[in-house]
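Participant: File name model_16.cif; file contents mmCIF, N, CA and C atoms; full text below.
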data_model
#
loop_
_atom_site.label_atom_id
_atom_site.label_comp_id
_atom_site.auth_asym_id
_atom_site.auth_seq_id
_atom_site.Cartn_x
_atom_site.Cartn_y
_atom_site.Cartn_z
N SER A 1 61.17 20.56 -14.91
CA SER A 1 61.04 20.27 -13.50
C SER A 1 60.13 21.30 -12.85
N TYR A 2 59.52 20.90 -11.75
CA TYR A 2 58.65 21.83 -11.03
C TYR A 2 59.44 23.00 -10.46
N ASP A 3 60.70 22.79 -10.10
CA ASP A 3 61.52 23.91 -9.61
C ASP A 3 61.68 24.96 -10.71
N THR A 4 61.96 24.52 -11.91
CA THR A 4 62.11 25.44 -13.04
C THR A 4 60.80 26.14 -13.35
N MET A 5 59.71 25.38 -13.33
CA MET A 5 58.40 25.99 -13.61
C MET A 5 58.03 27.00 -12.53
N ARG A 6 58.35 26.71 -11.28
CA ARG A 6 58.04 27.64 -10.18
C ARG A 6 58.74 28.98 -10.41
N LYS A 7 59.97 28.94 -10.91
CA LYS A 7 60.71 30.18 -11.19
C LYS A 7 60.00 31.02 -12.25
N ALA A 8 59.22 30.34 -13.10
CA ALA A 8 58.47 31.04 -14.14
C ALA A 8 57.05 31.37 -13.68
N GLY A 9 56.76 31.12 -12.39
CA GLY A 9 55.45 31.45 -11.86
C GLY A 9 54.40 30.37 -12.00
N ILE A 10 54.83 29.16 -12.36
CA ILE A 10 53.90 28.04 -12.53
C ILE A 10 53.98 27.16 -11.29
N GLU A 11 52.85 26.98 -10.63
CA GLU A 11 52.79 26.16 -9.41
C GLU A 11 52.22 24.78 -9.73
N TYR A 12 52.31 23.88 -8.76
CA TYR A 12 51.78 22.52 -8.93
C TYR A 12 50.34 22.54 -9.41
N LYS A 13 49.53 23.40 -8.80
CA LYS A 13 48.11 23.46 -9.15
C LYS A 13 47.88 23.86 -10.60
N ASP A 14 48.86 24.55 -11.20
CA ASP A 14 48.75 24.98 -12.59
C ASP A 14 49.20 23.89 -13.57
N ALA A 15 49.90 22.89 -13.07
CA ALA A 15 50.43 21.82 -13.92
C ALA A 15 50.29 20.49 -13.18
N PRO A 16 49.05 20.02 -13.00
CA PRO A 16 48.82 18.85 -12.16
C PRO A 16 49.09 17.50 -12.82
N LEU A 17 49.48 17.48 -14.08
CA LEU A 17 49.75 16.22 -14.76
C LEU A 17 51.25 16.02 -14.92
N TYR A 18 51.69 14.78 -14.74
CA TYR A 18 53.13 14.49 -14.74
C TYR A 18 53.40 13.23 -15.55
N ILE A 19 54.23 13.34 -16.57
CA ILE A 19 54.71 12.18 -17.31
C ILE A 19 56.14 11.94 -16.84
N PRO A 20 56.39 10.82 -16.17
CA PRO A 20 57.73 10.54 -15.66
C PRO A 20 58.75 10.38 -16.79
N PRO A 21 60.01 10.65 -16.49
CA PRO A 21 61.06 10.43 -17.50
C PRO A 21 61.01 9.00 -18.03
N TYR A 22 61.10 8.87 -19.33
CA TYR A 22 61.06 7.57 -20.02
C TYR A 22 59.76 6.83 -19.76
N GLU A 23 58.73 7.56 -19.31
CA GLU A 23 57.42 6.98 -19.00
C GLU A 23 57.52 5.84 -17.99
N TYR A 24 58.51 5.90 -17.12
CA TYR A 24 58.72 4.86 -16.11
C TYR A 24 58.41 5.40 -14.72
N TYR A 25 57.61 4.66 -13.99
CA TYR A 25 57.35 5.03 -12.60
C TYR A 25 56.98 3.78 -11.81
N ASN A 26 56.99 3.91 -10.50
CA ASN A 26 56.64 2.81 -9.61
C ASN A 26 55.68 3.32 -8.54
N LYS A 27 55.36 2.48 -7.57
CA LYS A 27 54.41 2.87 -6.52
C LYS A 27 54.91 4.07 -5.72
N GLU A 28 56.21 4.15 -5.50
CA GLU A 28 56.77 5.27 -4.73
C GLU A 28 56.59 6.59 -5.46
N ILE A 29 56.85 6.59 -6.75
CA ILE A 29 56.67 7.81 -7.56
C ILE A 29 55.19 8.19 -7.59
N ALA A 30 54.32 7.20 -7.77
CA ALA A 30 52.88 7.48 -7.80
C ALA A 30 52.42 8.05 -6.46
N ALA A 31 52.92 7.50 -5.35
CA ALA A 31 52.55 8.00 -4.01
C ALA A 31 53.08 9.42 -3.79
N TRP A 32 54.31 9.67 -4.23
CA TRP A 32 54.90 11.02 -4.11
C TRP A 32 54.02 12.03 -4.86
N ALA A 33 53.67 11.68 -6.09
CA ALA A 33 52.86 12.59 -6.89
C ALA A 33 51.49 12.82 -6.25
N LYS A 34 50.86 11.75 -5.83
CA LYS A 34 49.53 11.87 -5.21
C LYS A 34 49.56 12.75 -3.97
N SER A 35 50.62 12.61 -3.17
CA SER A 35 50.73 13.41 -1.94
C SER A 35 50.84 14.91 -2.24
N MET A 36 51.27 15.23 -3.46
CA MET A 36 51.41 16.63 -3.85
C MET A 36 50.25 17.11 -4.72
N GLY A 37 49.27 16.22 -4.93
CA GLY A 37 48.13 16.59 -5.77
C GLY A 37 48.42 16.52 -7.25
N ILE A 38 49.41 15.72 -7.62
CA ILE A 38 49.82 15.58 -9.02
C ILE A 38 49.38 14.22 -9.53
N GLN A 39 48.83 14.18 -10.73
CA GLN A 39 48.38 12.93 -11.34
C GLN A 39 49.44 12.43 -12.32
N VAL A 40 49.94 11.22 -12.08
CA VAL A 40 50.88 10.60 -13.01
C VAL A 40 50.08 10.10 -14.21
N ILE A 41 50.55 10.45 -15.40
CA ILE A 41 49.92 9.97 -16.63
C ILE A 41 50.98 9.31 -17.49
N ASN A 42 50.54 8.59 -18.49
CA ASN A 42 51.45 7.90 -19.38
C ASN A 42 50.87 7.94 -20.78
N TYR A 43 51.68 7.62 -21.76
CA TYR A 43 51.22 7.62 -23.14
C TYR A 43 50.29 6.43 -23.36
N THR A 44 49.47 6.50 -24.39
CA THR A 44 48.56 5.42 -24.74
C THR A 44 49.28 4.47 -25.70
N PRO A 45 49.38 3.19 -25.33
CA PRO A 45 50.03 2.23 -26.22
C PRO A 45 49.40 2.24 -27.61
N GLY A 46 50.23 2.12 -28.62
CA GLY A 46 49.76 2.07 -30.00
C GLY A 46 49.76 3.41 -30.71
N THR A 47 49.93 4.50 -29.97
CA THR A 47 49.90 5.82 -30.61
C THR A 47 51.26 6.25 -31.14
N MET A 48 52.30 5.64 -30.64
CA MET A 48 53.68 6.01 -30.98
C MET A 48 54.06 7.37 -30.40
N SER A 49 53.25 7.91 -29.50
CA SER A 49 53.56 9.22 -28.93
C SER A 49 54.82 9.21 -28.08
N ASN A 50 55.24 8.03 -27.66
CA ASN A 50 56.47 7.94 -26.89
C ASN A 50 57.71 8.15 -27.77
N ALA A 51 57.54 8.27 -29.06
CA ALA A 51 58.66 8.53 -29.97
C ALA A 51 58.84 10.01 -30.25
N ASP A 52 58.21 10.86 -29.45
CA ASP A 52 58.27 12.30 -29.70
C ASP A 52 59.65 12.90 -29.46
N TYR A 53 60.54 12.15 -28.87
CA TYR A 53 61.90 12.64 -28.61
C TYR A 53 62.82 12.44 -29.81
N THR A 54 62.38 11.67 -30.79
CA THR A 54 63.28 11.33 -31.90
C THR A 54 63.50 12.51 -32.83
N THR A 55 64.65 12.49 -33.49
CA THR A 55 65.00 13.53 -34.45
C THR A 55 65.30 12.88 -35.80
N PRO A 56 65.21 13.64 -36.89
CA PRO A 56 65.37 13.07 -38.22
C PRO A 56 66.65 12.26 -38.45
N ASP A 57 67.69 12.55 -37.70
CA ASP A 57 68.94 11.82 -37.90
C ASP A 57 68.95 10.45 -37.20
N MET A 58 67.92 10.15 -36.45
CA MET A 58 67.87 8.89 -35.71
C MET A 58 67.21 7.79 -36.55
N LYS A 59 67.70 6.58 -36.39
CA LYS A 59 67.17 5.43 -37.13
C LYS A 59 65.68 5.20 -36.83
N ASN A 60 65.28 5.42 -35.59
CA ASN A 60 63.90 5.17 -35.18
C ASN A 60 63.03 6.43 -35.22
N TYR A 61 63.41 7.42 -36.00
CA TYR A 61 62.70 8.69 -36.08
C TYR A 61 61.24 8.52 -36.47
N ARG A 62 60.38 9.26 -35.78
CA ARG A 62 58.97 9.35 -36.10
C ARG A 62 58.61 10.83 -36.09
N SER A 63 58.10 11.32 -37.20
CA SER A 63 57.76 12.75 -37.30
C SER A 63 56.53 13.06 -36.47
N SER A 64 56.34 14.33 -36.19
CA SER A 64 55.15 14.77 -35.45
C SER A 64 53.89 14.39 -36.22
N LYS A 65 53.94 14.53 -37.53
CA LYS A 65 52.78 14.18 -38.35
C LYS A 65 52.48 12.69 -38.25
N PHE A 66 53.52 11.86 -38.30
CA PHE A 66 53.35 10.41 -38.16
C PHE A 66 52.70 10.07 -36.83
N ILE A 67 53.21 10.67 -35.76
CA ILE A 67 52.66 10.42 -34.42
C ILE A 67 51.21 10.90 -34.34
N TYR A 68 50.95 12.09 -34.84
CA TYR A 68 49.59 12.62 -34.84
C TYR A 68 48.64 11.69 -35.59
N ASN A 69 49.05 11.24 -36.77
CA ASN A 69 48.20 10.35 -37.56
C ASN A 69 47.93 9.05 -36.82
N ASN A 70 48.91 8.51 -36.11
CA ASN A 70 48.70 7.29 -35.34
C ASN A 70 47.71 7.52 -34.20
N ILE A 71 47.81 8.67 -33.54
CA ILE A 71 46.87 8.99 -32.47
C ILE A 71 45.46 9.07 -33.03
N MET A 72 45.29 9.77 -34.14
CA MET A 72 43.96 9.92 -34.73
C MET A 72 43.42 8.58 -35.23
N LYS A 73 44.28 7.74 -35.79
CA LYS A 73 43.87 6.42 -36.26
C LYS A 73 43.37 5.57 -35.09
N LEU A 74 44.11 5.56 -34.01
CA LEU A 74 43.72 4.78 -32.84
C LEU A 74 42.40 5.29 -32.26
N GLU A 75 42.24 6.60 -32.23
CA GLU A 75 41.00 7.20 -31.73
C GLU A 75 39.82 6.77 -32.59
N LYS A 76 40.00 6.78 -33.90
CA LYS A 76 38.93 6.40 -34.82
C LYS A 76 38.57 4.92 -34.66
N GLU A 77 39.59 4.08 -34.48
CA GLU A 77 39.37 2.63 -34.38
C GLU A 77 38.83 2.20 -33.02
N LYS A 78 39.33 2.82 -31.97
CA LYS A 78 39.00 2.33 -30.62
C LYS A 78 38.27 3.32 -29.74
N GLY A 79 38.19 4.56 -30.21
CA GLY A 79 37.46 5.57 -29.45
C GLY A 79 38.12 6.11 -28.25
#
Please express the file's structure as structure tokens.
Facilitator:
Amino acid sequence: SYDTMRKAGIEYKDAPLYIPPYEYYNKEIAAWAKSMGIQVINYTPGTMSNADYTTPDMKNYRSSKFIYNNIMKLEKEKG
């Protein structure tokens, strides 16, 4: 959270990108972020980067290497 980051000396201007929880947001969240100079971003479909929360004990686990390889594959194929 920005409150936690502020306690560590990190201000909005130092962290202007925001990925909403569960990559879900609406017009209100986008407007809130814009009013504070924060850019809402999201993962790129097809990269599997949204699986970065998984752990080896989970059925849907995706390793960091797997996610990285998918990102690089998509970049090579689609630029």
Participant: For atom N of Lys59 in chain A and atom C of Ile19 in chain A, quote the distance in Å rounded to one decimal.
Facilitator: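 Atom C of Ile19 in chain A lies 23.3 Å from atom N of Lys59 in chain A.
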Participant: Work out where the centre of an axis-aligned box around every listed atom of range 6-9 of chain A lies and how long its edges are once 3 Å is added on each side; give both in Å to one decimal as JSON.
Facilitator:
{"center_x": 57.6, "center_y": 29.1, "center_z": -12.2, "size_x": 12.3, "size_y": 10.7, "size_z": 10.0}
Participant: Near Pro16 in chain A, counting only N, CA and C atoms, which residues have an atom at most 7 Å away, once you skip same-chain residues fewer than 5 positions from it, shown as a VMD selection string?
Facilitator: chain A and resid 11 37 to 40
Participant: Could you pull out the alpha helix (DSSP H) residues of chain A, going by DSSP on the backbone, and write them as number ranges by chain?
Facilitator: A: 2-7, 27-35, 64-78
Participant: Would you mind listing what lies within 8 Å of range 61-66 of chain A as an MDAnalysis selection string, with all atoms listed in the file counted and same-chain residues fewer than 5 positions away left out?
Facilitator: chainID A and resid 47:49 51:56 71:72
Participant: Distance atom C of Tyr22 in chain A-atom N of Asn50 in chain A, one decimal place?
Facilitator: 9.2 Å
